[in-house]
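Chemist: Here you go, final-v6.txt (compact mmCIF, C-alpha atoms and all ligand atoms):
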# COMPACT_ATOMS: atom_id res chain seq x y z
CA MET A 1 101.69 -97.45 -50.75
CA GLU A 2 104.20 -99.74 -49.08
CA PRO A 3 103.73 -100.02 -45.35
CA GLU A 4 107.09 -101.72 -44.84
CA ASN A 5 108.77 -98.50 -45.88
CA GLY A 6 106.42 -96.41 -43.78
CA PHE A 7 103.69 -94.06 -44.84
CA ILE A 8 103.00 -90.62 -43.47
CA GLN A 9 100.22 -88.15 -44.09
CA GLU A 10 99.61 -84.81 -42.45
CA PHE A 11 96.30 -83.03 -41.97
CA LYS A 12 95.49 -79.53 -40.82
CA VAL A 13 92.70 -78.68 -38.40
CA LYS A 14 91.03 -75.30 -38.11
CA GLY A 15 89.70 -74.52 -34.67
CA GLY A 16 85.96 -73.87 -34.56
CA ASP A 17 85.34 -75.34 -38.01
CA PHE A 18 82.63 -77.88 -37.29
CA SER A 19 81.78 -78.19 -41.01
CA LYS A 20 84.82 -80.45 -41.60
CA ALA A 21 84.59 -82.17 -38.26
CA GLY A 22 85.40 -85.83 -38.57
CA SER A 23 86.90 -85.61 -42.06
CA ILE A 24 90.43 -86.48 -40.92
CA SER A 25 89.42 -89.59 -39.02
CA THR A 26 87.33 -90.63 -42.04
CA GLU A 27 90.34 -90.24 -44.34
CA ILE A 28 92.57 -92.20 -41.99
CA LYS A 29 89.95 -94.94 -41.81
CA GLU A 30 89.79 -95.11 -45.62
CA ILE A 31 93.57 -95.41 -45.94
CA LEU A 32 93.61 -98.24 -43.38
CA GLN A 33 90.79 -100.03 -45.18
CA GLU A 34 92.62 -99.74 -48.50
CA VAL A 35 95.76 -101.25 -47.00
CA GLY A 36 93.75 -104.08 -45.48
CA ILE A 37 94.34 -103.43 -41.79
CA ASP A 38 92.27 -105.57 -39.44
CA SER A 39 88.83 -104.05 -38.97
CA SER A 40 88.97 -104.20 -35.17
CA ILE A 41 92.14 -102.07 -35.26
CA ILE A 42 90.56 -99.68 -37.77
CA ARG A 43 87.61 -99.21 -35.45
CA ARG A 44 89.88 -98.31 -32.51
CA VAL A 45 91.99 -95.92 -34.62
CA ALA A 46 88.84 -94.26 -36.02
CA ILE A 47 87.42 -93.64 -32.54
CA ALA A 48 90.67 -92.25 -31.16
CA SER A 49 91.47 -90.06 -34.16
CA TYR A 50 87.90 -88.70 -34.23
CA GLU A 51 88.05 -87.73 -30.55
CA ALA A 52 91.48 -86.11 -30.99
CA GLU A 53 90.31 -84.24 -34.08
CA MET A 54 87.13 -83.02 -32.36
CA ASN A 55 89.04 -81.76 -29.34
CA MET A 56 91.18 -79.64 -31.64
CA VAL A 57 88.10 -78.31 -33.45
CA MET A 58 86.43 -77.51 -30.13
CA TYR A 59 89.28 -76.21 -28.00
CA SER A 60 92.21 -75.10 -30.16
CA ARG A 61 92.86 -72.30 -32.66
CA LYS A 62 94.49 -74.67 -35.08
CA GLY A 63 96.38 -77.89 -35.18
CA GLU A 64 97.93 -80.70 -37.15
CA VAL A 65 97.42 -84.42 -37.23
CA SER A 66 100.20 -86.71 -38.44
CA PHE A 67 99.21 -90.21 -39.42
CA ILE A 68 102.10 -92.64 -39.59
CA LEU A 69 101.82 -96.26 -40.65
CA ASP A 70 104.64 -98.77 -40.80
CA SER A 71 104.90 -102.54 -40.64
CA VAL A 72 104.66 -102.56 -36.84
CA LYS A 73 102.27 -99.82 -35.82
CA ILE A 74 99.91 -96.97 -36.51
CA LEU A 75 100.88 -93.71 -34.88
CA ILE A 76 98.62 -90.67 -34.64
CA LYS A 77 100.30 -87.49 -33.47
CA THR A 78 98.48 -84.26 -32.88
CA SER A 79 99.83 -80.86 -32.10
CA ASP A 80 97.67 -77.80 -31.56
CA GLU A 81 97.93 -74.13 -30.74
CA GLY A 82 95.45 -73.18 -28.09
CA PRO A 83 94.81 -72.68 -24.40
CA GLY A 84 96.41 -75.93 -23.33
CA ILE A 85 95.06 -78.10 -20.51
CA GLU A 86 95.49 -76.87 -16.95
CA ASP A 87 95.06 -80.19 -15.16
CA ILE A 88 95.69 -83.22 -17.35
CA ASP A 89 94.69 -85.75 -14.66
CA LYS A 90 91.33 -84.02 -14.35
CA ALA A 91 90.88 -83.81 -18.15
CA MET A 92 91.54 -87.56 -18.34
CA GLN A 93 88.68 -88.34 -15.95
CA GLU A 94 85.47 -89.68 -17.47
CA GLY A 95 82.83 -86.95 -17.42
CA PHE A 96 85.12 -83.94 -17.03
CA SER A 97 84.34 -81.35 -19.69
CA THR A 98 84.63 -77.62 -20.25
CA ALA A 99 82.43 -77.79 -23.39
CA THR A 100 80.14 -74.81 -23.92
CA ASP A 101 76.33 -75.04 -24.03
CA GLU A 102 76.57 -74.67 -27.81
CA MET A 103 78.91 -77.68 -28.06
CA ARG A 104 76.66 -79.71 -25.77
CA GLU A 105 73.70 -78.93 -28.01
CA MET A 106 75.70 -80.46 -30.88
CA GLY A 107 76.12 -83.61 -28.83
CA PHE A 108 79.64 -83.04 -27.53
CA GLY A 109 80.85 -82.51 -24.00
CA ALA A 110 80.29 -85.90 -22.35
CA GLY A 111 83.88 -85.72 -21.16
CA MET A 112 84.60 -89.10 -22.75
CA GLY A 113 86.98 -88.16 -25.59
CA LEU A 114 90.34 -88.38 -23.84
CA PRO A 115 89.39 -91.43 -21.70
CA ASN A 116 88.25 -93.19 -24.89
CA ILE A 117 91.47 -92.38 -26.74
CA LYS A 118 93.42 -93.96 -23.87
CA LYS A 119 91.09 -96.95 -23.67
CA HIS A 120 91.22 -97.76 -27.39
CA SER A 121 94.96 -97.26 -27.95
CA ASP A 122 97.98 -99.36 -26.97
CA GLU A 123 100.00 -96.32 -25.92
CA PHE A 124 98.82 -92.82 -25.19
CA LYS A 125 100.88 -89.78 -24.29
CA ILE A 126 99.54 -86.31 -23.66
CA THR A 127 101.52 -83.17 -22.98
CA SER A 128 100.21 -79.66 -22.72
CA GLU A 129 101.49 -76.18 -22.05
CA ILE A 130 99.18 -73.48 -20.74
CA GLY A 131 98.70 -70.72 -23.28
CA LYS A 132 100.57 -72.70 -25.96
CA GLY A 133 98.80 -75.92 -26.83
CA THR A 134 98.43 -79.64 -26.50
CA ASN A 135 100.18 -82.64 -28.06
CA LEU A 136 98.99 -86.22 -28.25
CA SER A 137 100.83 -89.35 -29.31
CA ILE A 138 98.57 -92.34 -29.86
CA THR A 139 99.98 -95.74 -30.86
CA PHE A 140 98.26 -98.90 -32.09
CA TYR A 141 100.29 -102.05 -32.66
CA LEU A 142 99.36 -104.15 -35.66
CA GLU A 143 100.28 -107.36 -33.84
CA GLN A 144 99.70 -107.84 -30.14
CA GLN A 145 103.20 -109.28 -29.61
CA ASN A 146 104.72 -105.95 -30.61
CA LYS A 147 103.14 -104.27 -27.61
CA GLN A 148 105.78 -102.84 -25.32
N1 LIG A 201 93.27 -80.04 -27.51
C1 LIG A 201 92.78 -79.52 -26.38
N2 LIG A 201 93.08 -78.23 -26.04
C2 LIG A 201 92.60 -77.69 -24.90
N3 LIG A 201 91.81 -78.34 -24.03
C3 LIG A 201 91.48 -79.62 -24.31
C4 LIG A 201 91.94 -80.27 -25.50
N4 LIG A 201 91.46 -81.53 -25.50
C5 LIG A 201 90.75 -81.66 -24.37
N5 LIG A 201 90.75 -80.52 -23.65
C6 LIG A 201 90.12 -80.30 -22.33
O1 LIG A 201 89.91 -81.55 -21.70
C7 LIG A 201 88.52 -81.75 -21.44
C8 LIG A 201 88.17 -83.21 -21.57
O2 LIG A 201 88.30 -83.61 -22.94
P1 LIG A 201 87.43 -84.83 -23.48
O3 LIG A 201 87.70 -85.01 -24.93
O4 LIG A 201 87.68 -86.00 -22.58
O5 LIG A 201 85.93 -84.36 -23.22
P2 LIG A 201 85.05 -83.28 -24.02
O6 LIG A 201 85.74 -82.90 -25.29
O7 LIG A 201 84.78 -82.17 -23.07
O8 LIG A 201 83.73 -84.09 -24.31
P3 LIG A 201 83.53 -85.25 -25.43
O9 LIG A 201 84.90 -85.58 -25.96
O10 LIG A 201 82.92 -86.40 -24.70
O11 LIG A 201 82.64 -84.63 -26.46
C9 LIG A 201 87.82 -80.81 -22.39
O12 LIG A 201 86.53 -80.45 -21.95
C10 LIG A 201 88.77 -79.62 -22.42
O13 LIG A 201 88.61 -78.83 -21.25
MG MG A 202 86.44 -84.39 -26.58
Will you turn the file into structure tokens for me?
Modeler:
Amino acid sequence: MEPENGFIQEFKVKGGDFSKAGSISTEIKEILQEVGIDSSIIRRVAIASYEAEMNMVMYSRKGEVSFILDSVKILIKTSDEGPGIEDIDKAMQEGFSTATDEMREMGFGAGMGLPNIKKHSDEFKITSEIGKGTNLSITFYLEQQNKQ
């Protein structure tokens, strides 16, 4: 793999499939480790991609994760088909969650996923359409001076 030319990998997510939950963020983490990315960046990417992946497992019918790495940045893009998010500002608040009792029993539903994605990334964009789905764009710069 040659990061200077860019590297892209796409993953599919099946809504409701908790058996594979976390496998995408694990794969992304392994790729970043192989390439020798700074461990503090890997940690942030792993947290954000795990939360994005879990939200798709919990709330969408299906979705895709694109992982893009080039010499400047790591970009995680997600796109799902699902109910969408009615009030994004509310969803971004710490503690807001519509998780079911079943999800809470599995340890989810603290309402910290989206706030943590924002906190751990350099750039975070979220768009959503009711009845259609949700898209995230999460960027991590490899060097602080590349931050916009
Ligand atoms: N991809 C998505 N599709 C539809 N709704 C979503 C999606 N992602 C998040 N949401 C909505 O936004 C809320 C907040 O998401 P967030 O990840 O912050 O918390 P959570 O998933 O409820 O709990 P936690 O992530 O702490 O386990 C969710 O409860 C859900 O209502
Ligand atoms: Mg979540």
Chemist: So which one's closest to ligand LIG 201 (chain A), A:Glu143, A:Tyr59, A:Ser121, A:Ile76? Using only C-alpha atoms and all ligand atoms, please.
Modeler: A:Tyr59
Chemist: Counting all atoms listed in the file, what residues are within 6 Å of ligand LIG 201 (chain A), given as a list in words?
Modeler: Glu51, Asn55, Met56, Tyr59, Ser60, Gly82, Pro83, Gly84, Ile85, Ala91, Met92, Phe96, Ser97, Thr98, Ala99, Phe108, Gly109, Ala110, Gly111, Met112, Gly113, Leu114, Pro115 and Thr134 of chain A
Chemist: Could you give me, as a PDB file with C-alpha atoms, keeping the file's coordinate frame, the residues within 7 Å of stretch 17-25 of chain A, counting all atoms listed in the file and dropping anything in the same chain fewer than 3 positions from it?
Modeler:
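Done, and the output landed in part.pdb:
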ATOM      1  CA  PHE A  11      96.300 -83.030 -41.970  1.00  0.00           C
ATOM      2  CA  LYS A  14      91.030 -75.300 -38.110  1.00  0.00           C
ATOM      3  CA  ILE A  28      92.570 -92.200 -41.990  1.00  0.00           C
ATOM      4  CA  LYS A  29      89.950 -94.940 -41.810  1.00  0.00           C
ATOM      5  CA  ALA A  46      88.840 -94.260 -36.020  1.00  0.00           C
ATOM      6  CA  SER A  49      91.470 -90.060 -34.160  1.00  0.00           C
ATOM      7  CA  TYR A  50      87.900 -88.700 -34.230  1.00  0.00           C
ATOM      8  CA  GLU A  53      90.310 -84.240 -34.080  1.00  0.00           C
ATOM      9  CA  MET A  54      87.130 -83.020 -32.360  1.00  0.00           C
ATOM     10  CA  VAL A  57      88.100 -78.310 -33.450  1.00  0.00           C
TER      11      VAL A  57
END
Chemist: So that I can check the surroundings of A:Asp122, please list as number ranges by chain every protein, DNA and RNA residue that reaches within 12 Å of it, counting all atoms listed in the file and ignoring chain neighbours fewer than 5 positions away.
Modeler: A: 41, 44-45, 48, 73-76, 116-117, 137-148
Chemist: For each of A:Gly131, A:Lys62, A:His120, A:Gly95, take the minimum atom-to-atom distance to ligand MG 202 (chain A), counting all atoms listed in the file, then give the residue where this is smallest.
Modeler: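 Using all atoms listed in the file, ligand MG 202 (chain A) sits closest to A:Gly95.
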Chemist: Just the residues within 8 Å of A:Leu69, please, counting only C-alpha atoms, with nothing from its chain fewer than 2 positions along; format it as a VMD selection string.
Modeler: chain A and resid 3 6 to 8 67 71 to 75
Chemist: Mind giving me the straight-line distance from atom CA of A:Val13 to atom CA of A:Val65 in Å, one decimal?
Modeler: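 Atom CA of A:Val65 lies 7.5 Å from atom CA of A:Val13.
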Chemist: Please provide as a PyMOL selection string all residues within 10 Å of A:Glu86, with the sequence filter that same-chain residues fewer than 6 positions apart are discarded (counting all atoms listed in the file).
Modeler: chain A and resi 128-131
Chemist: For ligand MG 202 (chain A), which residue among A:Ile126, A:Ala52, A:Met103, A:Ile88 is the nearest when counting only C-alpha atoms and all ligand atoms?
Modeler: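 Of A:Ile126, A:Ala52, A:Met103, A:Ile88, the one nearest ligand MG 202 (chain A) is A:Ala52, counting only C-alpha atoms and all ligand atoms.
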Chemist: One decimal, in Å: what's the spacing between atom CA of A:Ser40 and atom CA of A:Phe124?
Modeler: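 Spanning atom CA of A:Ser40 to atom CA of A:Phe124 is a straight-line distance of 18.1 Å.
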Chemist: Report, in Å to a single decimal, how far apart atom CA of A:Lys118 and atom CA of A:Arg104 are.
Modeler: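 These atoms are spaced 22.1 Å apart.
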Chemist: Using all atoms listed in the file, which residue out of A:Gly36, A:Thr26, A:Ile68, A:Gly107 lies closest to ligand MG 202 (chain A)?
Modeler: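 Ranking A:Gly36, A:Thr26, A:Ile68, A:Gly107 by distance to ligand MG 202 (chain A), first place goes to A:Gly107.
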Chemist: Select, from A:Lys132, A:Ser66, A:Thr78, A:Met58, the residue with the minimum atom-to-atom distance to ligand MG 202 (chain A), counting only C-alpha atoms and all ligand atoms.
Modeler: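 Of A:Lys132, A:Ser66, A:Thr78, A:Met58, the one nearest ligand MG 202 (chain A), counting only C-alpha atoms and all ligand atoms, is A:Met58.
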Chemist: Under the rule that only C-alpha atoms and all ligand atoms are counted, which of A:Gly63, A:Glu94, A:Thr127, A:Asp80 is the nearest residue to ligand MG 202 (chain A)?
Modeler: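 Closest residue, counting only C-alpha atoms and all ligand atoms: A:Glu94.
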